[in-house]
file work_12.cif (mmCIF, C-alpha atoms)
data_data
#
loop_
_atom_site.label_atom_id
_atom_site.label_comp_id
_atom_site.auth_asym_id
_atom_site.auth_seq_id
_atom_site.Cartn_x
_atom_site.Cartn_y
_atom_site.Cartn_z
CA MET A 88 10.20 -7.26 -0.73
CA LYS A 89 9.77 -8.37 2.85
CA LEU A 90 8.42 -11.78 3.70
CA LEU A 91 5.35 -10.23 5.32
CA THR A 92 4.50 -8.83 1.89
CA HIS A 93 5.44 -12.04 0.06
CA ASN A 94 3.01 -13.93 2.29
CA MET A 95 0.12 -12.01 0.72
CA LEU A 96 1.11 -12.37 -2.93
CA THR A 97 -0.78 -14.70 -5.26
CA SER A 98 -0.57 -15.44 -8.94
CA HIS A 99 -3.82 -14.71 -10.79
CA VAL A 100 -2.72 -15.88 -14.21
CA LYS A 101 -5.80 -16.96 -16.19
CA GLY A 102 -6.70 -20.55 -15.54
CA VAL A 103 -4.68 -20.86 -12.36
CA THR A 104 -6.74 -22.13 -9.45
CA LYS A 105 -4.20 -21.84 -6.69
CA GLY A 106 -1.29 -19.57 -7.48
CA TYR A 107 0.01 -19.69 -3.93
CA PRO A 108 2.49 -19.65 -2.40
CA LEU A 109 4.84 -18.07 -4.90
CA LEU A 110 8.23 -19.72 -4.97
CA ILE A 111 11.02 -17.23 -4.28
CA LYS A 112 14.07 -17.41 -6.51
CA ALA A 113 16.35 -14.78 -5.06
CA THR A 114 19.62 -13.54 -6.47
CA GLU A 115 20.08 -10.79 -3.90
CA VAL A 116 18.83 -10.76 -0.33
CA LYS A 117 19.40 -8.15 2.36
CA VAL A 118 19.01 -8.47 6.10
CA SER A 119 18.68 -5.31 8.14
CA GLU A 120 17.66 -4.38 11.63
CA GLU A 121 14.13 -3.15 12.12
CA GLU A 122 12.56 -1.76 15.25
CA PHE A 123 10.76 -4.55 17.09
CA ASN A 124 7.08 -3.92 17.78
CA PRO A 125 5.69 -6.98 19.61
CA ASN A 126 2.06 -5.84 19.28
CA PHE A 127 2.35 -5.45 15.56
CA VAL A 128 4.00 -8.84 15.09
CA SER A 129 1.44 -10.50 17.33
CA ARG A 130 -1.46 -9.04 15.35
CA MET A 131 0.04 -10.02 12.02
CA ILE A 132 0.40 -13.69 12.94
CA PRO A 133 -3.30 -14.66 12.50
CA LYS A 134 -3.24 -13.17 8.99
CA LEU A 135 -0.29 -15.26 7.90
CA GLU A 136 -0.11 -18.54 6.06
CA TRP A 137 2.42 -20.00 8.46
CA SER A 138 3.70 -22.81 6.27
CA ALA A 139 4.22 -20.42 3.37
CA LEU A 140 6.25 -18.16 5.66
CA VAL A 141 8.40 -21.06 6.86
CA GLN A 142 8.89 -22.28 3.31
CA ALA A 143 9.90 -18.81 2.10
CA ALA A 144 12.35 -18.23 4.95
CA ASP A 145 13.82 -21.66 4.55
CA GLY A 146 14.22 -21.23 0.81
CA LEU A 147 16.26 -18.10 1.47
CA GLY A 148 18.38 -19.85 4.06
CA HIS A 149 17.00 -17.63 6.80
CA LEU A 150 14.78 -19.99 8.71
CA GLN A 151 17.22 -20.26 11.66
CA ASP A 152 15.23 -21.26 14.73
CA LEU A 153 11.77 -20.19 13.65
CA PRO A 154 9.37 -23.00 14.62
CA THR A 155 7.83 -24.81 11.66
CA GLU A 156 4.51 -24.96 13.46
CA LEU A 157 2.83 -21.96 15.01
CA ILE A 158 3.02 -22.20 18.79
CA ALA A 159 0.09 -21.59 21.11
CA ASP A 160 -0.03 -18.52 23.37
CA TYR A 161 2.44 -16.63 21.25
CA GLU A 162 1.10 -13.20 22.25
CA ALA A 163 3.09 -13.13 25.46
CA ASN A 164 6.10 -15.01 24.17
CA GLU A 165 8.61 -12.29 23.38
CA ASP A 166 11.29 -14.72 22.34
CA PHE A 167 9.01 -16.24 19.72
CA LEU A 168 7.73 -12.86 18.56
CA ARG A 169 11.29 -11.69 18.01
CA LYS A 170 11.96 -14.67 15.77
CA VAL A 171 8.83 -13.94 13.76
CA HIS A 172 9.76 -10.24 13.57
CA ARG A 173 13.12 -11.09 12.08
CA VAL A 174 11.65 -13.25 9.37
CA LEU A 175 8.69 -11.01 8.54
CA LEU A 176 10.41 -7.64 8.47
CA GLU A 177 14.20 -7.95 8.49
CA VAL A 178 14.79 -10.26 5.54
CA GLU A 179 14.31 -8.57 2.18
CA VAL A 180 14.51 -9.96 -1.34
CA LEU A 181 16.07 -7.27 -3.54
CA GLU A 182 16.54 -9.10 -6.82
CA GLY A 183 15.16 -12.30 -8.25
CA CYS A 184 11.72 -13.50 -9.14
CA LEU A 185 8.58 -15.15 -7.78
CA GLN A 186 7.33 -18.25 -9.53
CA CYS A 187 3.69 -19.29 -9.78
CA PRO A 188 3.48 -22.87 -8.47
CA GLU A 189 0.85 -23.81 -11.02
CA SER A 190 1.71 -22.03 -14.26
CA GLY A 191 5.45 -21.57 -13.74
CA ARG A 192 5.09 -17.93 -14.70
CA GLU A 193 7.83 -15.80 -13.18
CA PHE A 194 7.18 -12.38 -11.68
CA PRO A 195 10.41 -10.37 -11.53
CA ILE A 196 11.63 -8.56 -8.41
CA THR A 197 13.72 -5.49 -9.14
CA ARG A 198 15.24 -3.29 -6.42
CA GLY A 199 12.94 -4.94 -3.95
CA VAL A 200 9.75 -4.36 -5.95
CA PRO A 201 7.85 -7.41 -7.23
CA ASN A 202 6.13 -6.79 -10.56
CA MET A 203 2.78 -8.58 -10.44
CA LEU A 204 1.45 -7.10 -13.69
CA LEU A 205 -0.05 -9.62 -16.09
CA ASN A 206 0.03 -9.48 -19.88
CA GLU A 207 -3.24 -9.19 -21.78
CA GLU A 208 -3.29 -12.89 -22.56
CA GLU A 209 -2.74 -13.86 -18.95
CA ALA A 210 -5.27 -11.58 -17.30
CA MET B 195 5.28 14.78 15.44
CA LYS B 196 3.42 18.01 14.89
CA LEU B 197 1.36 18.66 11.78
CA LYS B 198 3.68 21.42 10.60
CA GLU B 199 6.71 19.16 11.00
CA LEU B 200 5.07 16.40 9.03
CA GLU B 201 4.09 18.79 6.27
CA SER B 202 7.57 20.21 6.20
CA CYS B 203 9.09 16.75 5.81
CA LEU B 204 6.65 15.78 3.08
CA GLN B 205 7.67 18.84 1.11
CA GLN B 206 10.98 17.04 0.55
CA VAL B 207 9.31 14.13 -1.23
CA ASP B 208 10.29 14.02 -4.91
CA THR B 209 7.32 13.89 -7.27
CA PHE B 210 6.58 12.84 -10.85
CA GLU B 211 9.13 13.99 -13.39
CA GLU B 212 6.96 13.39 -16.45
CA PRO B 213 3.41 12.77 -15.25
CA LYS B 214 1.38 10.46 -17.47
CA ILE B 215 -1.98 11.98 -18.35
CA LEU B 216 -3.80 8.70 -18.92
CA LEU B 217 -2.87 7.46 -15.47
CA GLU B 218 -4.06 10.78 -14.00
CA GLN B 219 -0.74 11.25 -12.31
CA TYR B 220 -0.31 14.25 -10.06
CA PRO B 221 1.21 14.46 -6.61
CA THR B 222 -0.90 14.76 -3.48
CA SER B 223 0.20 18.09 -2.03
CA PRO B 224 2.32 17.91 1.13
CA HIS B 225 -0.30 19.98 2.91
CA ILE B 226 -3.21 17.70 2.07
CA ALA B 227 -1.16 14.56 2.69
CA ALA B 228 -0.05 15.86 6.09
CA CYS B 229 -3.58 16.84 7.10
CA MET B 230 -4.96 13.47 6.04
CA LEU B 231 -2.30 11.46 7.82
CA TYR B 232 -2.41 13.58 10.91
CA THR B 233 -6.16 13.01 11.26
CA ILE B 234 -5.94 9.30 10.49
CA HIS B 235 -3.26 8.96 13.13
CA ASN B 236 -4.45 11.31 15.88
CA THR B 237 -8.21 11.02 15.62
CA PHE B 238 -8.54 7.42 14.60
CA ASP B 239 -5.23 5.77 15.56
CA ASP B 240 -5.15 3.89 12.24
CA VAL B 241 -1.48 4.34 11.34
CA GLU B 242 0.95 3.67 14.17
CA GLY B 243 1.76 -0.02 14.50
CA LYS B 244 -0.70 -0.88 11.74
CA LEU B 245 -0.38 -2.65 8.40
CA VAL B 246 -1.24 0.05 5.90
CA ALA B 247 -1.81 -0.09 2.14
CA ASP B 248 -1.49 2.91 -0.19
CA LEU B 249 -3.32 2.21 -3.46
CA GLY B 250 -2.15 4.18 -6.47
CA CYS B 251 0.78 5.34 -4.35
CA GLY B 252 2.56 7.19 -7.16
CA CYS B 253 5.77 8.71 -5.81
CA GLY B 254 4.76 7.74 -2.29
CA VAL B 255 3.94 10.90 -0.38
CA LEU B 256 1.14 9.25 1.62
CA SER B 257 3.19 6.12 2.34
CA ILE B 258 6.19 8.10 3.42
CA GLY B 259 4.03 10.09 5.78
CA ALA B 260 2.51 6.89 7.17
CA ALA B 261 5.95 5.37 7.64
CA MET B 262 7.12 8.50 9.45
CA LEU B 263 4.15 8.16 11.78
CA ASP B 264 5.40 4.67 12.61
CA ALA B 265 3.12 2.41 10.62
CA GLY B 266 4.15 -1.20 11.33
CA LEU B 267 4.55 -1.56 7.57
CA CYS B 268 3.18 0.52 4.72
CA VAL B 269 2.78 -1.21 1.34
CA GLY B 270 2.46 0.99 -1.71
CA PHE B 271 0.75 -0.27 -4.87
CA ASP B 272 1.19 1.32 -8.30
CA ILE B 273 1.17 0.29 -11.94
CA ASP B 274 3.85 2.66 -13.20
CA ASP B 275 7.61 1.89 -13.38
CA ASN B 276 8.69 5.52 -13.28
CA ALA B 277 6.56 6.41 -10.28
CA LEU B 278 7.82 3.39 -8.35
CA GLU B 279 11.39 4.30 -9.18
CA ILE B 280 10.91 7.77 -7.74
CA PHE B 281 9.12 6.29 -4.71
CA LYS B 282 12.08 3.95 -4.15
CA ARG B 283 14.46 6.87 -4.30
CA ASN B 284 12.34 8.73 -1.79
CA THR B 285 12.36 5.86 0.70
CA GLU B 286 16.14 5.68 0.43
CA GLU B 287 16.56 9.42 0.94
CA PHE B 288 14.26 9.41 3.93
CA GLU B 289 15.94 6.25 5.19
CA LEU B 290 12.60 4.61 5.84
CA THR B 291 12.59 0.85 6.15
CA ASN B 292 8.97 0.19 7.08
CA ILE B 293 7.82 0.53 3.48
CA ASP B 294 7.35 -2.08 0.78
CA LEU B 295 6.20 -1.69 -2.82
CA ILE B 296 4.21 -3.86 -5.20
CA GLN B 297 3.85 -3.12 -8.89
CA SER B 298 0.31 -4.08 -9.82
CA ASP B 299 -2.86 -2.91 -11.57
CA ILE B 300 -5.43 -2.16 -8.87
CA SER B 301 -8.26 -1.94 -11.38
CA SER B 302 -7.74 -5.53 -12.46
CA LEU B 303 -7.14 -7.25 -9.13
CA SER B 304 -9.32 -10.21 -8.33
CA SER B 305 -11.63 -9.53 -5.40
CA ASP B 306 -9.84 -11.86 -3.03
CA ALA B 307 -6.34 -10.79 -3.99
CA TYR B 308 -5.45 -9.10 -0.71
CA ALA B 309 -8.72 -9.64 1.12
CA LYS B 310 -8.63 -8.49 4.76
CA LYS B 311 -4.85 -8.40 4.76
CA PHE B 312 -4.47 -4.80 5.86
CA ASP B 313 -5.64 -2.83 8.88
CA THR B 314 -5.94 0.44 7.00
CA VAL B 315 -6.01 1.57 3.37
CA ILE B 316 -5.08 5.15 2.54
CA MET B 317 -5.34 6.52 -0.96
CA ASN B 318 -5.70 9.36 -3.38
CA PRO B 319 -7.12 7.35 -6.29
CA PRO B 320 -7.48 8.47 -9.91
CA PHE B 321 -10.78 10.31 -10.22
CA GLY B 322 -11.70 8.70 -13.50
CA THR B 323 -11.46 11.79 -15.67
CA LYS B 324 -9.16 10.52 -18.38
CA HIS B 325 -10.97 7.82 -20.39
CA ASN B 326 -11.03 5.76 -17.21
CA GLN B 327 -14.46 6.58 -15.87
CA GLY B 328 -15.42 4.66 -12.76
CA MET B 329 -11.80 4.18 -11.76
CA ASP B 330 -12.34 5.88 -8.42
CA MET B 331 -15.10 3.43 -7.53
CA GLN B 332 -13.01 0.45 -8.62
CA PHE B 333 -10.22 1.56 -6.35
CA LEU B 334 -12.69 2.07 -3.54
CA LYS B 335 -14.31 -1.31 -3.95
CA THR B 336 -10.93 -3.04 -3.92
CA ALA B 337 -9.73 -1.00 -0.98
CA LEU B 338 -12.78 -2.09 1.02
CA THR B 339 -11.96 -5.76 0.45
CA MET B 340 -8.40 -5.20 1.63
CA ALA B 341 -8.96 -3.25 4.86
CA THR B 342 -10.21 -4.69 8.13
CA THR B 343 -10.59 -1.38 9.97
CA ALA B 344 -10.95 1.55 7.61
CA VAL B 345 -10.37 3.02 4.16
CA TYR B 346 -9.41 6.69 3.84
CA SER B 347 -9.77 8.21 0.43
CA LEU B 348 -10.14 11.41 -1.56
CA HIS B 349 -13.01 11.81 -4.02
CA LYS B 350 -14.56 14.71 -5.90
CA THR B 351 -17.22 16.40 -3.81
CA SER B 352 -19.49 16.29 -6.86
CA THR B 353 -19.59 12.51 -6.55
CA ARG B 354 -20.43 12.45 -2.84
CA ASP B 355 -24.06 11.34 -3.16
CA HIS B 356 -23.19 8.67 -5.68
CA ILE B 357 -20.50 7.28 -3.39
CA GLN B 358 -22.77 7.43 -0.36
CA LYS B 359 -25.32 5.32 -2.19
CA LYS B 360 -22.70 2.77 -3.24
CA ALA B 361 -21.40 2.63 0.30
CA SER B 362 -24.87 1.81 1.58
CA ASP B 363 -25.28 -0.86 -1.09
CA TRP B 364 -22.01 -2.38 0.02
CA GLY B 365 -22.88 -2.23 3.71
CA VAL B 366 -20.21 0.24 4.72
CA ASN B 367 -20.33 3.46 6.71
CA MET B 368 -19.15 6.58 4.98
CA LYS B 369 -18.06 9.66 6.88
CA VAL B 370 -17.03 12.96 5.33
CA ILE B 371 -14.06 13.95 7.48
CA ALA B 372 -13.33 17.15 5.61
CA GLU B 373 -13.94 19.09 2.45
CA LEU B 374 -10.72 20.12 0.81
CA ARG B 375 -9.77 22.19 -2.14
CA TYR B 376 -7.27 20.84 -4.54
CA ASP B 377 -5.23 23.45 -6.21
CA LEU B 378 -3.94 21.61 -9.22
CA PRO B 379 -1.29 23.67 -10.96
CA ALA B 380 -1.07 23.40 -14.71
CA SER B 381 0.93 20.26 -15.14
CA TYR B 382 0.06 19.20 -18.66
CA LYS B 383 0.62 21.18 -21.83
CA PHE B 384 -3.08 21.37 -22.62
CA HIS B 385 -3.94 23.04 -19.32
CA LYS B 386 -4.92 26.60 -20.19
CA LYS B 387 -5.45 27.99 -16.71
CA LYS B 388 -2.56 28.52 -14.33
CA SER B 389 -4.27 26.41 -11.71
CA VAL B 390 -7.63 24.94 -10.98
CA ASP B 391 -9.51 24.50 -7.74
CA ILE B 392 -11.32 21.22 -7.35
CA LYS B 393 -13.54 20.46 -4.38
CA VAL B 394 -12.55 17.16 -2.85
CA ASP B 395 -13.98 15.14 0.04
CA PHE B 396 -11.72 13.38 2.49
CA LEU B 397 -13.74 10.28 3.32
CA ARG B 398 -13.53 7.48 5.86
CA PHE B 399 -15.18 4.13 5.19
CA SER B 400 -15.65 1.44 7.80
CA ARG B 401 -17.77 -1.64 8.31
CA THR B 402 -21.12 -1.18 10.04
#
call {"tool": "encode", "arguments": {"input": "work_12.cif", "output": "structure tokens"}}
result
Amino acid sequence: MKLLTHNMLTSHVKGVTKGYPLLIKATEVKVSEEEFNPNFVSRMIPKLEWSALVQAADGLGHLQDLPTELIADYEANEDFLRKVHRVLLEVEVLEGCLQCPESGREFPITRGVPNMLLNEEEA
Amino acid sequence: MKLKELESCLQQVDTFEEPKILLEQYPTSPHIAACMLYTIHNTFDDVEGKLVADLGCGCGVLSIGAAMLDAGLCVGFDIDDNALEIFKRNTEEFELTNIDLIQSDISSLSSDAYAKKFDTVIMNPPFGTKHNQGMDMQFLKTALTMATTAVYSLHKTSTRDHIQKKASDWGVNMKVIAELRYDLPASYKFHKKKSVDIKVDFLRFSRT
């Protein structure tokens, strides 16, 4: 599970009003090189919840020098875009779980795949 | 990449080992998948460098094709453990890293779950023939909330008018890109014929 994907995930357990962001509890993380596409990264930025991204990266110990606040005029800032690229696409959670901040419910991650299925009672 | 090359690569994608009838599991043929992706990429430029979702991805043939055509990231969604396992294996064999997977139930997602998060949604949804009537429309409705540019989907030609009407109600444009014929080989024990031809529309939906 890449952090770009994690940034979209929400808990919809019955009764939960804001199941976001999901807290990452990782037991296995992988970092691998991915081809850098500045246009793609630049277009993804407006869709992101920036603080959730920072929190997730930090929690995994992979924040490094990513700014905690989104900078202005990032489209032309290759240096910045590279930092975002690394965090969005190169850090992957392979094993662990995602915890709903409101209900505490844990969604397991197995071989990189988060299981967001709810039980009958929770749906 | 040429169409024939893409099709040839997709022929290497492993498919369901024990397809589950109630989930309407069957693989999208490499030929149809290649034609779909080729059009989406070459005619509409909705794959390369885009954030793509594949709803009901199964073993991943559409996602793998999208990844090979350089999607920025392709995220596959499916409910079934076994299918996702095979999909995972496929991504490893193809050495594709611009793919992510989420195990979830598309038919029970809340309407804002992934709202406007993706550029493009591609899918071959269940047609709703196995005690799950209306499933195709549920998938379509959800897909439309998720995509900012377009949704590409396969639906039975016999439902074309019904879908067109729904699309109008929802304020979306529907375009029939092509009429295809599915040749579904007998995959379940109860299938009496060797194979069955089903007429299928390849549709593109976009905001007006």
call {"tool": "closest_atom_pairs", "arguments": {"input": "work_12.cif", "of": "chain A", "to": "chain B", "cutoff": "8 Å", "atoms": "all atoms listed in the file", "output": "tab-separated table"}}
result
residue	atom	partner	partner_atom	distance
A:Met88	CA	B:Asp294	CA	6.1
A:Lys89	CA	B:Asp294	CA	7.1
A:Thr92	CA	B:Asp294	CA	7.4
A:Met95	CA	B:Tyr308	CA	6.4
A:Leu96	CA	B:Tyr308	CA	7.7
A:Thr97	CA	B:Ala307	CA	6.9
A:His99	CA	B:Ser304	CA	7.5
A:Glu121	CA	B:Thr291	CA	7.3
A:Asn124	CA	B:Gly243	CA	7.4
A:Asn126	CA	B:Gly243	CA	7.5
A:Phe127	CA	B:Gly243	CA	5.6
A:Lys134	CA	B:Lys311	CA	6.6
A:Gly199	CA	B:Leu295	CA	7.6
A:Val200	CA	B:Leu295	CA	5.4
A:Pro201	CA	B:Ile296	CA	5.5
A:Asn202	CA	B:Gln297	CA	4.6
A:Met203	CA	B:Ser298	CA	5.2
A:Leu204	CA	B:Ser298	CA	5.0
call {"tool": "resolve_selection", "arguments": {"input": "work_12.cif", "expression": "the PyMOL selection byres ((chain A and resi 113) around 6)", "output": "PyMOL selection string"}}
result
chain A and resi 111-112+114-115+182-183
call {"tool": "residues_near_point", "arguments": {"input": "work_12.cif", "point": "(-3.4, 4.3, 8.7)", "cutoff": "10 Å", "atoms": "only C-alpha atoms", "output": "PyMOL selection string"}}
result
chain B and resi 230-235+238-248+256-257+259-261+263-268+312-316+343-346
call {"tool": "atom_distance", "arguments": {"input": "work_12.cif", "atom1": "atom CA of Leu176 of chain A", "atom2": "atom CA of Leu153 of chain A"}}
result
13.6 Å
call {"tool": "residues_around", "arguments": {"input": "work_12.cif", "residues": "Leu197 of chain B", "least_positions_apart": "2", "cutoff": "7 Å", "atoms": "all atoms listed in the file", "output": "list in words"}}
result
Met195, Glu199, Leu200, Glu201, Ala228 and Tyr232 of chain B
call {"tool": "resolve_selection", "arguments": {"input": "work_12.cif", "expression": "the PyMOL selection byres ((chain A and resi 128) around 9)", "output": "list in words"}}
result
Phe123, Asn124, Pro125, Asn126, Phe127, Ser129, Arg130, Met131, Ile132, Glu162, Leu168, Arg169, Val171, His172 and Leu175 of chain A; Gly266 of chain B
call {"tool": "write_last_selection", "arguments": {"input": "work_12.cif", "atoms": "C-alpha atoms", "output": "short mmCIF file (atom, residue, chain, number, x, y, z; two decimals), in the coordinates of the input"}}
result
data_model
loop_
_atom_site.label_atom_id
_atom_site.label_comp_id
_atom_site.auth_asym_id
_atom_site.auth_seq_id
_atom_site.Cartn_x
_atom_site.Cartn_y
_atom_site.Cartn_z
CA PHE A 123 10.76 -4.55 17.09
CA ASN A 124 7.08 -3.92 17.78
CA PRO A 125 5.69 -6.98 19.61
CA ASN A 126 2.06 -5.84 19.28
CA PHE A 127 2.35 -5.45 15.56
CA SER A 129 1.44 -10.50 17.33
CA ARG A 130 -1.46 -9.04 15.35
CA MET A 131 0.04 -10.02 12.02
CA ILE A 132 0.40 -13.69 12.94
CA GLU A 162 1.10 -13.20 22.25
CA LEU A 168 7.73 -12.86 18.56
CA ARG A 169 11.29 -11.69 18.01
CA VAL A 171 8.83 -13.94 13.76
CA HIS A 172 9.76 -10.24 13.57
CA LEU A 175 8.69 -11.01 8.54
CA GLY B 266 4.15 -1.20 11.33
#
call {"tool": "resolve_selection", "arguments": {"input": "work_12.cif", "expression": "the PyMOL selection byres ((chain B and resi 209) around 6)", "output": "NGL selection string"}}
result
:B and (208 or 210 or 253)
call {"tool": "atom_distance", "arguments": {"input": "work_12.cif", "atom1": "atom CA of Asn276 of chain B", "atom2": "atom CA of Pro188 of chain A"}}
result
29.3 Å
call {"tool": "build_atoms", "arguments": {"input": "work_12.cif", "residues": "segment 224-233 of chain B", "atoms": "all heavy atoms", "output": "tab-separated table (two decimals), keeping the file's coordinate frame"}}
result
chain	number	residue	atom	x	y	z
B	224	PRO	N	1.82	18.19	-0.22
B	224	PRO	CA	2.32	17.91	1.13
B	224	PRO	C	1.33	18.37	2.21
B	224	PRO	O	1.16	17.71	3.22
B	224	PRO	CB	3.61	18.72	1.22
B	224	PRO	CG	4.05	18.90	-0.18
B	224	PRO	CD	2.80	18.95	-1.01
B	225	HIS	N	0.65	19.47	1.94
B	225	HIS	CA	-0.30	19.98	2.91
B	225	HIS	C	-1.48	19.03	3.10
B	225	HIS	O	-1.84	18.66	4.22
B	225	HIS	CB	-0.80	21.37	2.50
B	225	HIS	CG	-1.83	21.92	3.42
B	225	HIS	ND1	-1.53	22.29	4.73
B	225	HIS	CD2	-3.15	22.13	3.27
B	225	HIS	CE1	-2.63	22.71	5.32
B	225	HIS	NE2	-3.63	22.63	4.47
B	226	ILE	N	-2.07	18.61	1.98
B	226	ILE	CA	-3.21	17.70	2.07
B	226	ILE	C	-2.78	16.35	2.65
B	226	ILE	O	-3.45	15.79	3.51
B	226	ILE	CB	-3.87	17.52	0.68
B	226	ILE	CG1	-4.62	18.81	0.34
B	226	ILE	CG2	-4.84	16.34	0.69
B	226	ILE	CD1	-5.38	18.77	-0.96
B	227	ALA	N	-1.65	15.85	2.18
B	227	ALA	CA	-1.16	14.56	2.69
B	227	ALA	C	-0.95	14.63	4.20
B	227	ALA	O	-1.34	13.73	4.94
B	227	ALA	CB	0.13	14.17	1.98
B	228	ALA	N	-0.33	15.71	4.65
B	228	ALA	CA	-0.05	15.86	6.09
B	228	ALA	C	-1.35	15.93	6.88
B	228	ALA	O	-1.49	15.28	7.92
B	228	ALA	CB	0.82	17.09	6.34
B	229	CYS	N	-2.29	16.72	6.40
B	229	CYS	CA	-3.58	16.84	7.10
B	229	CYS	C	-4.29	15.49	7.17
B	229	CYS	O	-4.81	15.10	8.22
B	229	CYS	CB	-4.49	17.85	6.39
B	229	CYS	SG	-3.94	19.55	6.61
B	230	MET	N	-4.31	14.79	6.07
B	230	MET	CA	-4.96	13.47	6.04
B	230	MET	C	-4.32	12.54	7.07
B	230	MET	O	-4.99	11.97	7.93
B	230	MET	CB	-4.78	12.80	4.67
B	230	MET	CG	-5.70	13.27	3.59
B	230	MET	SD	-5.26	12.53	1.98
B	230	MET	CE	-5.92	10.88	2.14
B	231	LEU	N	-3.00	12.41	6.96
B	231	LEU	CA	-2.30	11.46	7.82
B	231	LEU	C	-2.40	11.84	9.29
B	231	LEU	O	-2.57	10.98	10.16
B	231	LEU	CB	-0.83	11.37	7.40
B	231	LEU	CG	-0.64	10.67	6.05
B	231	LEU	CD1	0.73	10.98	5.49
B	231	LEU	CD2	-0.83	9.18	6.19
B	232	TYR	N	-2.32	13.09	9.54
B	232	TYR	CA	-2.41	13.58	10.91
B	232	TYR	C	-3.75	13.19	11.54
B	232	TYR	O	-3.82	12.73	12.67
B	232	TYR	CB	-2.22	15.09	10.91
B	232	TYR	CG	-1.80	15.63	12.24
B	232	TYR	CD1	-0.51	15.41	12.72
B	232	TYR	CD2	-2.69	16.34	13.05
B	232	TYR	CE1	-0.12	15.89	13.94
B	232	TYR	CE2	-2.30	16.82	14.28
B	232	TYR	CZ	-1.01	16.60	14.72
B	232	TYR	OH	-0.63	17.07	15.94
B	233	THR	N	-4.82	13.36	10.77
B	233	THR	CA	-6.16	13.01	11.26
B	233	THR	C	-6.28	11.50	11.43
B	233	THR	O	-6.77	11.02	12.45
B	233	THR	CB	-7.23	13.49	10.25
B	233	THR	OG1	-7.09	14.88	10.07
B	233	THR	CG2	-8.63	13.18	10.77
